[in-house]
$ cat my_file_20.csv   # CSV, C-alpha atoms
chain,number,residue,atom,x,y,z
S,1,MET,CA,-58.9,-15.0,48.0
S,2,PRO,CA,-58.7,-11.3,48.8
S,3,ARG,CA,-60.0,-10.2,52.2
S,4,ILE,CA,-61.2,-6.6,52.0
S,5,GLY,CA,-62.2,-4.1,54.6
S,6,LEU,CA,-64.5,-1.1,54.1
S,7,VAL,CA,-64.1,2.1,56.1
S,8,GLY,CA,-67.4,4.2,55.9
S,9,PHE,CA,-70.9,2.8,55.7
S,10,GLY,CA,-72.7,6.1,55.0
S,11,TYR,CA,-74.0,7.4,51.7
S,12,TRP,CA,-71.7,5.4,49.3
S,13,GLY,CA,-70.3,2.7,51.5
S,14,PRO,CA,-73.4,0.4,51.2
S,15,ASN,CA,-73.0,0.4,47.4
S,16,LEU,CA,-69.4,-0.5,47.7
S,17,ALA,CA,-70.1,-3.3,50.2
S,18,ARG,CA,-72.8,-4.7,47.9
S,19,ASN,CA,-70.6,-4.8,44.9
S,20,LEU,CA,-67.5,-6.2,46.7
S,21,SER,CA,-69.6,-8.9,48.3
S,22,GLU,CA,-70.9,-10.0,44.9
S,23,ILE,CA,-67.5,-10.7,43.5
S,24,HIS,CA,-66.7,-14.4,43.5
S,25,GLY,CA,-63.7,-15.2,45.7
S,26,VAL,CA,-63.7,-11.9,47.5
S,27,ILE,CA,-64.4,-11.8,51.3
S,28,LEU,CA,-65.8,-8.6,52.8
S,29,ALA,CA,-64.0,-9.1,56.0
S,30,GLY,CA,-64.8,-6.0,58.0
S,31,ILE,CA,-66.6,-2.7,58.1
S,32,ALA,CA,-65.7,0.4,60.1
S,33,ASP,CA,-68.0,3.3,60.9
S,34,THR,CA,-68.2,5.7,63.8
S,35,HIS,CA,-72.0,5.8,63.8
S,36,PRO,CA,-73.7,3.0,65.8
S,37,ALA,CA,-76.8,3.1,63.6
S,38,ARG,CA,-74.7,2.5,60.5
S,39,ARG,CA,-72.9,-0.4,62.1
S,40,GLU,CA,-76.3,-1.9,63.1
S,41,ALA,CA,-77.5,-1.5,59.5
S,42,ALA,CA,-74.3,-3.2,58.2
S,43,ALA,CA,-74.7,-6.0,60.7
S,44,LYS,CA,-78.2,-6.8,59.4
S,45,LYS,CA,-77.1,-6.7,55.8
S,46,TYR,CA,-73.8,-8.6,56.3
S,47,PRO,CA,-74.0,-11.0,59.3
S,48,GLY,CA,-70.7,-12.4,60.2
S,49,VAL,CA,-68.7,-9.4,59.0
S,50,GLN,CA,-66.6,-7.9,61.7
S,51,LEU,CA,-67.8,-4.4,62.7
S,52,VAL,CA,-65.7,-1.8,64.4
S,53,ALA,CA,-66.1,1.9,65.2
S,54,ASP,CA,-62.5,2.9,64.7
S,55,ALA,CA,-60.9,2.6,61.2
S,56,SER,CA,-57.5,1.9,62.9
S,57,ASP,CA,-59.0,-1.3,64.4
S,58,LEU,CA,-60.0,-2.5,60.9
S,59,ILE,CA,-56.7,-1.4,59.3
S,60,GLY,CA,-54.8,-3.2,62.0
S,61,LEU,CA,-56.2,-6.7,61.1
S,62,SER,CA,-53.3,-8.8,60.0
S,63,ASP,CA,-55.3,-11.0,57.6
S,64,LEU,CA,-56.7,-8.0,55.7
S,65,ASP,CA,-55.4,-7.6,52.1
S,66,ALA,CA,-57.0,-4.3,51.1
S,67,VAL,CA,-59.0,-1.3,52.4
S,68,VAL,CA,-61.7,0.7,50.7
S,69,VAL,CA,-62.1,4.2,51.9
S,70,ALA,CA,-65.6,5.7,51.7
S,71,THR,CA,-65.4,8.5,54.3
S,72,PRO,CA,-65.7,12.3,54.0
S,73,VAL,CA,-63.0,13.9,51.7
S,74,SER,CA,-61.3,15.6,54.6
S,75,THR,CA,-60.5,12.2,56.1
S,76,HIS,CA,-59.3,10.4,52.9
S,77,PHE,CA,-55.7,11.2,53.5
S,78,GLU,CA,-55.5,10.0,57.1
S,79,VAL,CA,-57.3,6.7,56.5
S,80,ALA,CA,-55.6,5.9,53.2
S,81,LEU,CA,-52.1,6.7,54.6
S,82,ALA,CA,-52.6,4.5,57.6
S,83,ALA,CA,-53.8,1.6,55.4
S,84,LEU,CA,-50.8,2.0,53.0
S,85,LYS,CA,-48.4,2.1,55.9
S,86,ALA,CA,-50.0,-1.0,57.3
S,87,GLY,CA,-49.2,-2.9,54.0
S,88,LYS,CA,-52.7,-2.8,52.6
S,89,ASP,CA,-53.8,-2.1,49.0
S,90,VAL,CA,-56.2,0.9,48.9
S,91,LEU,CA,-59.2,2.1,46.9
S,92,VAL,CA,-60.3,5.6,47.8
S,93,GLU,CA,-63.5,7.4,46.9
S,94,LYS,CA,-63.0,10.5,44.7
S,95,PRO,CA,-61.2,12.8,45.1
S,96,LEU,CA,-58.0,11.1,46.3
S,97,ALA,CA,-57.4,13.7,49.0
S,98,ALA,CA,-58.3,17.2,50.0
S,99,GLY,CA,-55.2,18.8,48.6
S,100,GLN,CA,-52.3,18.3,46.2
S,101,VAL,CA,-49.7,17.8,48.9
S,102,GLU,CA,-51.7,15.1,50.6
S,103,ALA,CA,-52.4,13.4,47.3
S,104,LYS,CA,-48.7,13.5,46.3
S,105,THR,CA,-47.8,11.9,49.7
S,106,LEU,CA,-50.2,9.1,49.2
S,107,VAL,CA,-48.8,8.4,45.7
S,108,ASP,CA,-45.2,8.4,47.1
S,109,VAL,CA,-46.0,6.1,50.0
S,110,ALA,CA,-47.9,3.7,47.8
S,111,GLU,CA,-44.9,3.5,45.5
S,112,ARG,CA,-42.4,3.1,48.3
S,113,GLU,CA,-44.5,0.4,50.0
S,114,GLY,CA,-45.3,-1.5,46.8
S,115,ARG,CA,-49.0,-1.1,47.3
S,116,ILE,CA,-51.9,-0.6,44.9
S,117,LEU,CA,-53.5,2.8,45.2
S,118,MET,CA,-56.6,3.4,43.2
S,119,VAL,CA,-59.2,6.2,43.1
S,120,ASN,CA,-62.9,5.5,42.4
S,121,HIS,CA,-63.4,7.8,39.4
S,122,THR,CA,-66.7,5.9,38.9
S,123,TYR,CA,-67.8,7.3,35.5
S,124,VAL,CA,-64.6,6.2,33.8
S,125,TYR,CA,-65.7,2.6,34.4
S,126,SER,CA,-69.2,3.0,32.9
S,127,GLY,CA,-70.1,1.3,29.6
S,128,ALA,CA,-71.1,4.6,28.1
S,129,VAL,CA,-67.8,6.4,28.8
S,130,ARG,CA,-65.9,3.4,27.6
S,131,LYS,CA,-67.8,3.5,24.3
S,132,ILE,CA,-67.1,7.3,24.0
S,133,ALA,CA,-63.4,6.6,24.5
S,134,GLU,CA,-63.6,4.0,21.7
S,135,LEU,CA,-65.2,6.5,19.4
S,136,ILE,CA,-62.7,9.2,20.1
S,137,GLU,CA,-59.7,6.8,19.8
S,138,ALA,CA,-61.1,5.6,16.4
S,139,GLY,CA,-61.3,9.1,15.1
S,140,GLU,CA,-65.0,9.0,14.8
S,141,LEU,CA,-65.4,12.6,16.1
S,142,GLY,CA,-62.2,13.9,14.5
S,143,GLU,CA,-60.1,16.6,16.2
S,144,ILE,CA,-61.8,17.5,19.4
S,145,TYR,CA,-62.8,21.2,19.7
S,146,TYR,CA,-64.4,21.4,23.1
S,147,TYR,CA,-66.1,19.5,26.1
S,148,ASP,CA,-69.2,21.0,27.7
S,149,SER,CA,-70.9,19.5,30.8
S,150,ILE,CA,-73.8,20.3,33.0
S,151,ARG,CA,-73.9,18.3,36.3
S,152,ILE,CA,-76.6,19.7,38.6
S,153,ASN,CA,-79.1,18.5,41.1
S,154,LEU,CA,-80.8,19.5,44.4
S,155,GLY,CA,-78.3,18.4,47.1
S,156,LEU,CA,-76.5,16.4,48.4
S,157,PHE,CA,-74.7,19.2,50.3
S,158,GLN,CA,-71.3,18.2,51.6
S,159,SER,CA,-70.0,19.5,54.9
S,160,ASP,CA,-66.3,19.5,54.2
S,161,VAL,CA,-65.9,20.3,50.4
S,162,SER,CA,-67.5,22.6,47.9
S,163,VAL,CA,-69.5,21.5,44.9
S,164,VAL,CA,-66.3,21.7,42.8
S,165,TRP,CA,-64.7,18.9,44.8
S,166,ASP,CA,-67.9,16.9,44.9
S,167,LEU,CA,-69.4,17.1,41.3
S,168,ALA,CA,-66.7,18.7,39.1
S,169,ALA,CA,-64.3,15.9,40.1
S,170,HIS,CA,-66.3,13.6,37.9
S,171,ASP,CA,-65.8,15.7,34.8
S,172,VAL,CA,-62.2,16.4,35.4
S,173,SER,CA,-61.5,12.6,35.6
S,174,LEU,CA,-63.6,12.1,32.4
S,175,ILE,CA,-61.7,14.8,30.5
S,176,GLN,CA,-58.5,13.2,31.7
S,177,PHE,CA,-59.5,9.7,30.6
S,178,LEU,CA,-61.2,10.7,27.3
S,179,LEU,CA,-58.9,13.4,25.9
S,180,HIS,CA,-55.5,12.5,27.2
S,181,ARG,CA,-54.4,16.2,27.1
S,182,ARG,CA,-52.5,18.0,29.8
S,183,PHE,CA,-54.5,20.5,31.9
S,184,LEU,CA,-53.0,24.0,31.5
S,185,THR,CA,-55.3,26.6,33.1
S,186,VAL,CA,-58.5,26.9,35.0
S,187,GLN,CA,-60.9,29.7,35.7
S,188,ALA,CA,-63.8,29.3,38.1
S,189,THR,CA,-66.7,31.4,39.4
S,190,GLY,CA,-69.3,30.4,41.9
S,191,ALA,CA,-71.3,31.3,45.0
S,192,CYS,CA,-72.1,30.3,48.5
S,193,HIS,CA,-75.8,30.5,49.3
S,194,PHE,CA,-77.7,30.0,52.5
S,195,GLY,CA,-74.9,31.5,54.6
S,196,THR,CA,-72.7,28.4,54.0
S,197,PRO,CA,-68.9,28.9,53.6
S,198,LEU,CA,-68.6,26.4,50.7
S,199,GLU,CA,-69.6,27.1,47.1
S,200,ASN,CA,-72.8,25.2,46.1
S,201,VAL,CA,-72.8,26.4,42.5
S,202,ALA,CA,-69.8,26.9,40.2
S,203,HIS,CA,-68.9,27.4,36.5
S,204,ILE,CA,-65.4,26.2,35.5
S,205,THR,CA,-63.4,26.7,32.3
S,206,LEU,CA,-60.4,24.5,31.7
S,207,GLY,CA,-57.7,25.1,29.1
S,208,LEU,CA,-56.0,22.0,27.7
S,209,GLU,CA,-53.1,21.2,25.4
S,210,GLY,CA,-53.9,21.7,21.8
S,211,GLY,CA,-56.3,24.6,22.3
S,212,ILE,CA,-59.1,22.4,23.6
S,213,GLN,CA,-61.5,24.1,26.1
S,214,ALA,CA,-63.8,22.4,28.6
S,215,HIS,CA,-66.7,24.0,30.4
S,216,ILE,CA,-68.2,22.5,33.6
S,217,ASN,CA,-71.4,23.7,35.2
S,218,VAL,CA,-72.1,22.2,38.7
S,219,SER,CA,-74.7,22.9,41.3
S,220,TRP,CA,-76.4,21.5,44.4
S,221,ILE,CA,-79.3,23.9,44.1
S,222,ALA,CA,-81.0,23.1,40.8
S,223,PRO,CA,-84.6,22.1,40.4
S,224,MET,CA,-83.8,18.9,38.5
S,225,LYS,CA,-81.0,16.4,38.2
S,226,THR,CA,-79.1,16.7,35.0
S,227,ARG,CA,-76.1,14.8,33.8
S,228,GLN,CA,-75.4,15.9,30.2
S,229,THR,CA,-72.1,16.2,28.3
S,230,ILE,CA,-71.5,17.4,24.8
S,231,ILE,CA,-68.2,16.7,23.0
S,232,VAL,CA,-67.6,18.5,19.7
S,233,GLY,CA,-65.1,17.4,17.1
S,234,ASP,CA,-64.4,18.6,13.5
S,235,ARG,CA,-66.0,15.5,12.1
S,236,LYS,CA,-68.9,14.7,14.4
S,237,MET,CA,-70.6,15.7,17.7
S,238,LEU,CA,-71.7,13.7,20.6
S,239,LEU,CA,-74.2,14.0,23.4
S,240,TYR,CA,-73.9,11.8,26.5
S,241,ASP,CA,-76.9,11.8,28.9
S,242,ASP,CA,-76.2,9.5,31.8
S,243,LEU,CA,-79.8,9.7,33.0
S,244,GLU,CA,-81.1,8.5,29.6
S,245,PRO,CA,-82.3,4.9,30.2
S,246,ASP,CA,-81.8,3.7,26.6
S,247,GLU,CA,-79.8,6.0,24.3
S,248,LYS,CA,-77.2,7.3,26.6
S,249,ILE,CA,-74.9,8.3,23.7
S,250,LYS,CA,-76.1,10.0,20.5
S,251,VAL,CA,-73.5,10.7,17.8
S,252,TYR,CA,-74.5,13.5,15.3
S,253,ASP,CA,-73.0,13.7,11.9
S,254,GLN,CA,-73.1,17.5,11.9
S,255,GLY,CA,-70.7,20.3,11.6
S,256,VAL,CA,-69.6,23.5,10.1
S,257,VAL,CA,-67.1,24.1,7.3
S,258,PHE,CA,-66.1,27.7,6.4
S,259,LYS,CA,-65.3,28.3,2.7
S,260,PRO,CA,-63.7,31.5,1.3
S,261,ASP,CA,-66.0,33.7,-0.8
S,262,ARG,CA,-65.3,36.7,-3.0
S,263,ARG,CA,-68.0,38.8,-1.3
S,264,ALA,CA,-66.8,38.0,2.2
S,265,ASP,CA,-63.9,36.5,4.0
S,266,LEU,CA,-65.7,33.2,4.9
S,267,LEU,CA,-69.0,31.6,4.3
S,268,PRO,CA,-70.3,28.8,6.7
S,269,ASP,CA,-71.4,25.6,5.1
S,270,TYR,CA,-73.5,23.5,7.6
S,271,ARG,CA,-73.4,19.8,7.4
S,272,ILE,CA,-76.5,18.1,8.8
S,273,GLY,CA,-76.3,14.3,8.6
S,274,ASP,CA,-77.7,11.3,10.5
S,275,MET,CA,-77.8,10.6,14.2
S,276,TYR,CA,-77.1,7.2,15.7
S,277,ALA,CA,-77.0,5.8,19.2
S,278,PRO,CA,-74.4,3.1,19.7
S,279,ARG,CA,-75.0,0.2,22.1
S,280,VAL,CA,-73.3,0.4,25.4
S,281,ASP,CA,-72.5,-2.1,28.2
S,282,ARG,CA,-75.1,-1.7,30.9
S,283,ARG,CA,-73.2,-3.3,33.7
S,284,GLU,CA,-73.1,-1.0,36.8
S,285,ALA,CA,-70.1,1.2,36.7
S,286,LEU,CA,-69.3,0.6,40.4
S,287,ALA,CA,-69.3,-3.2,39.8
S,288,ASN,CA,-66.6,-2.6,37.2
S,289,VAL,CA,-64.7,-0.4,39.6
S,290,CYS,CA,-64.7,-3.1,42.3
S,291,ALA,CA,-63.8,-5.9,39.9
S,292,HIS,CA,-60.9,-3.8,38.5
S,293,PHE,CA,-59.6,-3.1,42.0
S,294,VAL,CA,-59.7,-6.9,42.9
S,295,ASP,CA,-57.9,-7.7,39.6
S,296,CYS,CA,-55.2,-5.2,40.4
S,297,ILE,CA,-54.8,-6.7,43.8
S,298,GLN,CA,-54.4,-10.2,42.4
S,299,THR,CA,-52.2,-9.4,39.4
S,300,ARG,CA,-50.3,-6.5,40.9
S,301,SER,CA,-51.3,-4.4,37.9
S,302,ARG,CA,-51.4,-0.6,37.7
S,303,PRO,CA,-55.0,0.7,38.1
S,304,LEU,CA,-56.6,2.6,35.2
S,305,THR,CA,-57.4,5.3,37.7
S,306,GLY,CA,-54.4,5.0,40.0
S,307,GLY,CA,-52.6,7.4,42.3
S,308,PRO,CA,-51.0,9.6,39.6
S,309,GLU,CA,-54.4,10.1,37.9
S,310,GLY,CA,-56.0,10.9,41.3
S,311,LEU,CA,-53.2,13.4,42.0
S,312,GLU,CA,-53.7,15.2,38.7
S,313,VAL,CA,-57.5,15.5,39.3
S,314,VAL,CA,-56.8,16.9,42.8
S,315,SER,CA,-54.3,19.4,41.3
S,316,VAL,CA,-57.0,20.7,38.9
S,317,LEU,CA,-59.6,20.9,41.6
S,318,GLU,CA,-57.3,22.8,43.9
S,319,ALA,CA,-56.5,25.3,41.2
S,320,ALA,CA,-60.2,25.7,40.5
S,321,GLN,CA,-60.8,26.4,44.2
S,322,ARG,CA,-58.0,29.0,44.2
S,323,SER,CA,-59.6,30.7,41.2
S,324,LEU,CA,-63.0,30.7,42.9
S,325,ARG,CA,-61.6,32.4,46.0
S,326,ASP,CA,-59.8,34.9,43.8
S,327,GLY,CA,-62.7,36.2,41.8
S,328,GLY,CA,-62.3,33.9,38.8
S,329,ARG,CA,-58.7,34.7,38.1
S,330,GLN,CA,-57.1,32.3,35.6
S,331,VAL,CA,-54.8,29.9,37.5
S,332,THR,CA,-52.1,27.7,36.0
S,333,VAL,CA,-52.5,24.1,36.9
$ encode --input "my_file_20.csv" --output "structure tokens"
Amino acid sequence: MPRIGLVGFGYWGPNLARNLSEIHGVILAGIADTHPARREAAAKKYPGVQLVADASDLIGLSDLDAVVVATPVSTHFEVALAALKAGKDVLVEKPLAAGQVEAKTLVDVAEREGRILMVNHTYVYSGAVRKIAELIEAGELGEIYYYDSIRINLGLFQSDVSVVWDLAAHDVSLIQFLLHRRFLTVQATGACHFGTPLENVAHITLGLEGGIQAHINVSWIAPMKTRQTIIVGDRKMLLYDDLEPDEKIKVYDQGVVFKPDRRADLLPDYRIGDMYAPRVDRREALANVCAHFVDCIQTRSRPLTGGPEGLEVVSVLEAAQRSLRDGGRQVTV
């Protein structure tokens, strides 16, 4: 019966606490947060759970099996490293760490200590993304040409990382999971508005193995919340709208075929076929994340989004941030 502690009860922590507490056989043993008001809120919601201000007091509990880290990105490394060294399995909110060196250290320590290290790349565990993976794996879309995403909203501004580390992290992990291609290059442009030192809007272009390109548009200063992704293959095209309540995925039997012509080099032939919306599992993605983490704890299995996956995502984000600060220069990942 795993006993799990949660560090951080701010924006995302309550959602993790709820899902962990709903898993049969799991004990939410403790919650750490530096803010008294948050500890008070946790006490009302989870009476009997041990509450502490300092993460080290929670990590030091001898009967704790695992620690979930839901703190600001700049603190991920410190908290996760302490938990791993204390012999705990660890689930960290995305991204794994604030830099490639820190992320690599966590991966190495987890391997040396024989601990589970998992990153909460939430969308990977959604029913819609799992269905997209099935379609791509089955060849439904054919050879993938490109990935295009718009992930924008008004807020939530982060105090320690740019919008790239906050929102683009989702798409990098999705590209990693869906396309299974190595990231080669990244170019990023963006801007810091309102006098803040961190970019709140960015446009990112990723070059992947096989000539695939990915484009990611992220913003904290848009008038509406949009979560749309287009994946285009040589057989079919796909639209994924995470905010769509019913038809989250739409597959279009459309495409272009160029044929040689005596009057010109090439003539386009447009194929316009049917559209269908496959059914997807509607279970909350975070519930799947927590269940997978618990299963990895109990079976000592390698997580789907483990330390190595988290390290690669951080490497891409770090390269994107370098490109941002260097006027959009193409950077090798």
$ closest_residue --input "my_file_20.csv" --among "S:Ala103, S:Leu243, S:Ala66, S:Val161" --to "S:Leu198" --atoms "only C-alpha atoms"
S:Val161
$ residues_around --input "my_file_20.csv" --residues "S:Ala32" --least-positions-apart "6" --cutoff "10 Å" --atoms "all atoms listed in the file" --output "PyMOL selection string"
chain S and resi 5-9+38-39+42+50-59+69-71
$ residues_near_point --input "my_file_20.csv" --point "(-47.6, 0.7, 47.1)" --cutoff "10 Å" --atoms "only C-alpha atoms" --output "PyMOL selection string"
chain S and resi 84-85+87-90+106-117+300+307
$ closest_atom_pairs --input "my_file_20.csv" --of "stretch 205-323 of chain S" --to "stretch 123-147 of chain S" --cutoff "7 Å" --atoms "all atoms listed in the file" --output "CSV"
residue,atom,partner,partner_atom,distance
S:Ile212,CA,S:Tyr146,CA,5.4
S:Gln213,CA,S:Tyr146,CA,5.0
S:Ala214,CA,S:Tyr147,CA,4.5
S:His215,CA,S:Tyr147,CA,6.3
S:Ile230,CA,S:Tyr147,CA,5.9
S:Ile231,CA,S:Tyr147,CA,4.7
S:Val232,CA,S:Tyr146,CA,5.5
S:Gly233,CA,S:Ile144,CA,4.0
S:Asp234,CA,S:Gly142,CA,5.3
S:Arg235,CA,S:Gly142,CA,4.8
S:Lys236,CA,S:Leu141,CA,4.4
S:Met237,CA,S:Leu141,CA,6.3
S:Lys248,CA,S:Ala128,CA,6.8
S:Ile249,CA,S:Ala128,CA,6.9
S:Val280,CA,S:Gly127,CA,5.4
S:Asp281,CA,S:Gly127,CA,4.4
S:Arg282,CA,S:Gly127,CA,6.0
S:Arg283,CA,S:Gly127,CA,6.9
S:Glu284,CA,S:Ser126,CA,6.8
S:Ala285,CA,S:Ser126,CA,4.3
S:Asn288,CA,S:Tyr125,CA,6.0
S:Val289,CA,S:Tyr125,CA,6.1
$ closest_residue --input "my_file_20.csv" --among "S:Thr196, S:Gln187, S:Gln176, S:Thr305" --to "S:Val331" --atoms "all atoms listed in the file"
S:Gln187
$ residues_around --input "my_file_20.csv" --residues "S:Ser149" --least-positions-apart "4" --cutoff "10 Å" --atoms "only C-alpha atoms" --output "ChimeraX atom specification"
/S:168,171,203-204,214-218,226-231,239-241
$ atom_distance --input "my_file_20.csv" --atom1 "atom CA of S:Asn19" --atom2 "atom CA of S:Ala291"
8.5 Å
$ closest_residue --input "my_file_20.csv" --among "S:Ile31, S:Val256, S:Ala188, S:Ala37" --to "S:Gly13" --atoms "only C-alpha atoms"
S:Ile31
$ atom_distance --input "my_file_20.csv" --atom1 "atom CA of S:Asp242" --atom2 "atom CA of S:His170"
12.3 Å
$ closest_residue --input "my_file_20.csv" --among "S:Ser173, S:Thr205, S:Ser162, S:Thr75" --to "S:Gln330" --atoms "all atoms listed in the file"
S:Thr205
$ residues_near_point --input "my_file_20.csv" --point "(-70.8, -1.8, 47.9)" --cutoff "10 Å" --atoms "all atoms listed in the file" --output "NGL selection string"
:S and (6 or 9 or 12-22 or 28 or 68 or 70 or 286-287 or 290)
$ closest_residue --input "my_file_20.csv" --among "S:Trp220, S:Phe183, S:Tyr11, S:Tyr276" --to "S:Leu206" --atoms "only C-alpha atoms"
S:Phe183
$ atom_distance --input "my_file_20.csv" --atom1 "atom CA of S:Val92" --atom2 "atom CA of S:Ala80"
7.2 Å
$ closest_residue --input "my_file_20.csv" --among "S:Asp160, S:Asp265, S:Asp246, S:Asp326" --to "S:Thr189" --atoms "all atoms listed in the file"
S:Asp326
